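What follows is a short report on a single structure.
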Amino acid sequence: MTQLTDMTDAVDSAHQPKTLRQVHPIRGVRPVRRTRFVHAVVLCAALIGLAGCGGGGGAGSSPEPSGSAIPTSAQLQLVAIGDSIPYNSPDDCPGCEGFVNRYGAAIQSVSNRPVQVTNLSQHNNLTLPGLLEELPTFNDQLGAADIIVVGIAHNSFELNVDRPCGGGRHGPDDALPDWSKLTPACAKASAAKYRPQFDTLFGQVAATRAGKPTILRTINRYNDYIGWQDAHLTPAENQKTVVFLNEWNTMLCQTAEQHGFQCADIYHAFNGPDGSKASGKLLAADYTHPSDEGNAKIAEILTKQGYKPVA
């Protein structure tokens with residue numbers, strides 16, 4: 001059993017340390033105009049009966065977890081960067097425990113060392129290009145992290161951009177693409193377009209650790225179109241989302257693994273072996289963000305990937 005201390009709502013943002021950042025929640029991930037509000041949060045994953053998180057920084061870690069052990073007395077630093085999926089806003093999922101916190105608690109339980117979780121993910125429809133632009137501002141936190149989680153699979157996906165495959169938008173809040181434009185060729189081209197950007201992202205994040213042993217993790221994208229009741233998708237439209245997600249997630253995970261990351265396969269855990277199953281109760285009421293059960297599932301997948309070199 002774990003207990004997490006969340007300081008997000010307890011401390012006014014004007015008094016937060018400027019080196020720690022998290023964007024204040026706004027609603028929605030499907031295409032809306034990007035807004036920016038800076039806010040900070042530090043979460044300490046503490047086991048009941050164990051003293052609270054210590055004050056020191058974490059010891060080292062490396063792109064590909066290796067045999068180099070972190071001293072057992074060291075406090076471990078977990079840093080998450082990305083969009084609103086790892087952010088876990090209470091507006092999206094009231095009362096939910098996010099997968100980043102759950103993962104930190106699991107690492108603490110296995111390693112028997114305190115884990116400080118710094119969640120720098122943002123609830124502002126952050127895209128991959130936007131994260132790349134901001135990445136240098138996170139170098140200090142990433143450079144001190146023993147565990148890094150990257151979650152930026154959602155908003156740059158072709159079905160979420162302003163003009164998917166060059167077509168218009170329709171449906172609830174203009175959230176649906178012109179399905180006639182969504183071809184397998186466009187799916188391949190979109191994945192290829194973003195591959196160099198993901199390559200840069202994962203390479204630069206790994207480089208902040210300068211070869212020190214590190215747990216490096218990322219997540220791919222689940223399907224929040226199939227089963228979305230307000231969309232009234234046809235079977236053919238559902239299948240088109242699968243084609244695009246297959247291309248997107250294959251590209252993302254291949255690129256991540258080239259830089260020493262393990263890619264947590266959220267897609268097939270949420271949508272079944274062929275990607276065609278509705279995410280259902282694994283998503284919150286907005287049918288975009290993970291529910292509490294969905295967050296637990298993501299944390300479970302991350303923990304099954306092991307803990308080397310931490311434990």
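Labeling convention for the structure tokens: chains A, B, ... as they appear, residues from 1 per chain, ligands from 1 in order of appearance.
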Which residues of stretch 99-204 of chain A come within 7 Å of stretch 249-252 of chain A, and for each one, what is the closest pair of atoms and their distance in Å to one decimal, counting only C-alpha atoms, sorted by chain and residue number, as JSON lines?
{"residue": "A:Ala191", "atom": "CA", "partner": "A:Met251", "partner_atom": "CA", "distance": 6.3}
{"residue": "A:Arg195", "atom": "CA", "partner": "A:Met251", "partner_atom": "CA", "distance": 6.5}
{"residue": "A:Phe198", "atom": "CA", "partner": "A:Leu252", "partner_atom": "CA", "distance": 6.9}
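Here atom CA of A:Glu257 is placed at a distance of 11.1 Å from atom CA of A:Ala206.
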List every residue of stretch 57-252 of chain A that DSSP, applied to the backbone, labels as strand (DSSP E or B), and write the result as a PyMOL selection string. chain A and resi 76-82+115-119+147-151+169-170+176-177+215-219
Please write the residues from the selection above to a file, keeping C-alpha atoms, as a compact mmCIF listing (two decimals), in the first residue's frame.
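Result file is result.txt:
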# COMPACT_ATOMS: atom_id res chain seq x y z
CA LEU A 76 15.63 8.24 -6.49
CA GLN A 77 14.43 10.99 -8.80
CA LEU A 78 11.61 10.26 -11.26
CA VAL A 79 10.88 12.98 -13.84
CA ALA A 80 7.95 12.88 -16.26
CA ILE A 81 7.55 15.15 -19.29
CA GLY A 82 4.76 15.26 -21.83
CA VAL A 115 11.29 8.23 -4.72
CA GLN A 116 10.69 11.87 -5.51
CA VAL A 117 8.37 12.33 -8.49
CA THR A 118 8.58 15.58 -10.44
CA ASN A 119 5.78 15.70 -13.02
CA ILE A 147 13.94 7.42 -13.95
CA ILE A 148 12.51 9.38 -16.91
CA VAL A 149 9.01 8.91 -18.34
CA VAL A 150 8.08 10.60 -21.64
CA GLY A 151 4.41 10.80 -22.64
CA ARG A 169 -13.08 18.74 -39.56
CA HIS A 170 -16.64 18.05 -38.45
CA LEU A 176 -13.62 14.46 -36.33
CA PRO A 177 -11.57 14.38 -39.54
CA ILE A 215 15.39 3.85 -16.42
CA LEU A 216 14.09 5.38 -19.68
CA ARG A 217 10.42 4.80 -20.50
CA THR A 218 7.84 6.14 -22.93
CA ILE A 219 4.23 5.26 -23.75
Nearest to A:Pro213, chosen from A:Gly98, A:Ile107, A:Asp91, A:Lys308, with only C-alpha atoms counted in the distances: A:Lys308
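Counting from atom CA of A:His268, the distance to atom CA of A:Pro90 is 25.6 Å.
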Please return, as an mmCIF file with C-alpha atoms, in the first residue's frame, all residues of stretch 48-237 of chain A that DSSP assigns to alpha helix (DSSP H) on the basis of the backbone.
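Generated output (selection20.cif):
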data_model
loop_
_atom_site.group_PDB
_atom_site.id
_atom_site.type_symbol
_atom_site.label_atom_id
_atom_site.label_comp_id
_atom_site.auth_asym_id
_atom_site.auth_seq_id
_atom_site.Cartn_x
_atom_site.Cartn_y
_atom_site.Cartn_z
ATOM 1 C CA SER A 84 -2.077 15.877 -20.441
ATOM 2 C CA ILE A 85 -2.130 12.061 -20.501
ATOM 3 C CA PRO A 86 0.603 11.774 -17.817
ATOM 4 C CA TYR A 87 -0.575 15.055 -16.215
ATOM 5 C CA PHE A 99 0.119 6.456 -13.553
ATOM 6 C CA VAL A 100 3.254 8.549 -12.963
ATOM 7 C CA ASN A 101 2.628 8.541 -9.195
ATOM 8 C CA ARG A 102 1.673 4.869 -9.228
ATOM 9 C CA TYR A 103 4.867 4.008 -11.079
ATOM 10 C CA GLY A 104 6.972 5.991 -8.603
ATOM 11 C CA ALA A 105 5.328 4.186 -5.687
ATOM 12 C CA ALA A 106 5.981 0.810 -7.325
ATOM 13 C CA ILE A 107 9.672 1.636 -7.798
ATOM 14 C CA GLN A 108 9.943 2.727 -4.172
ATOM 15 C CA SER A 109 8.311 -0.479 -2.990
ATOM 16 C CA VAL A 110 10.711 -2.660 -4.984
ATOM 17 C CA SER A 111 13.882 -0.633 -4.342
ATOM 18 C CA LEU A 128 5.737 17.085 -30.028
ATOM 19 C CA PRO A 129 7.194 20.247 -31.669
ATOM 20 C CA GLY A 130 6.135 22.245 -28.615
ATOM 21 C CA LEU A 131 7.908 19.865 -26.240
ATOM 22 C CA LEU A 132 11.055 19.948 -28.375
ATOM 23 C CA GLU A 133 11.033 23.737 -28.187
ATOM 24 C CA GLU A 134 10.811 23.662 -24.391
ATOM 25 C CA ASN A 139 17.731 19.803 -18.729
ATOM 26 C CA ASP A 140 18.530 20.255 -15.033
ATOM 27 C CA GLN A 141 15.663 18.048 -13.874
ATOM 28 C CA LEU A 142 16.267 15.416 -16.543
ATOM 29 C CA GLY A 143 19.987 15.402 -15.890
ATOM 30 C CA PRO A 184 -3.031 4.349 -45.701
ATOM 31 C CA ALA A 185 -0.581 6.520 -47.659
ATOM 32 C CA CYS A 186 -1.379 9.497 -45.426
ATOM 33 C CA ALA A 187 -0.923 7.320 -42.321
ATOM 34 C CA LYS A 188 2.568 6.330 -43.463
ATOM 35 C CA ALA A 189 3.482 9.890 -44.457
ATOM 36 C CA SER A 190 2.350 11.321 -41.128
ATOM 37 C CA ALA A 191 4.372 8.794 -39.127
ATOM 38 C CA ALA A 192 7.409 9.448 -41.335
ATOM 39 C CA LYS A 193 7.036 13.203 -40.841
ATOM 40 C CA TYR A 194 7.302 12.933 -37.067
ATOM 41 C CA ARG A 195 9.967 10.234 -36.892
ATOM 42 C CA PRO A 196 12.903 12.717 -37.022
ATOM 43 C CA GLN A 197 11.295 14.806 -34.264
ATOM 44 C CA PHE A 198 10.841 11.809 -31.990
ATOM 45 C CA ASP A 199 14.400 10.799 -32.833
ATOM 46 C CA THR A 200 15.589 14.217 -31.668
ATOM 47 C CA LEU A 201 13.452 14.114 -28.533
ATOM 48 C CA PHE A 202 14.538 10.691 -27.314
ATOM 49 C CA GLY A 203 18.156 11.326 -28.261
ATOM 50 C CA GLN A 204 18.314 14.634 -26.399
ATOM 51 C CA VAL A 205 16.550 13.277 -23.310
ATOM 52 C CA ALA A 206 18.951 10.330 -23.134
ATOM 53 C CA ALA A 207 21.902 12.688 -23.622
ATOM 54 C CA PRO A 235 -17.058 0.226 -38.754
ATOM 55 C CA ALA A 236 -15.087 1.540 -41.762
ATOM 56 C CA GLU A 237 -14.195 4.748 -39.902
#
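When atom CA of A:Lys240 is paired with atom CA of A:Ser291, their separation reads 24.7 Å.
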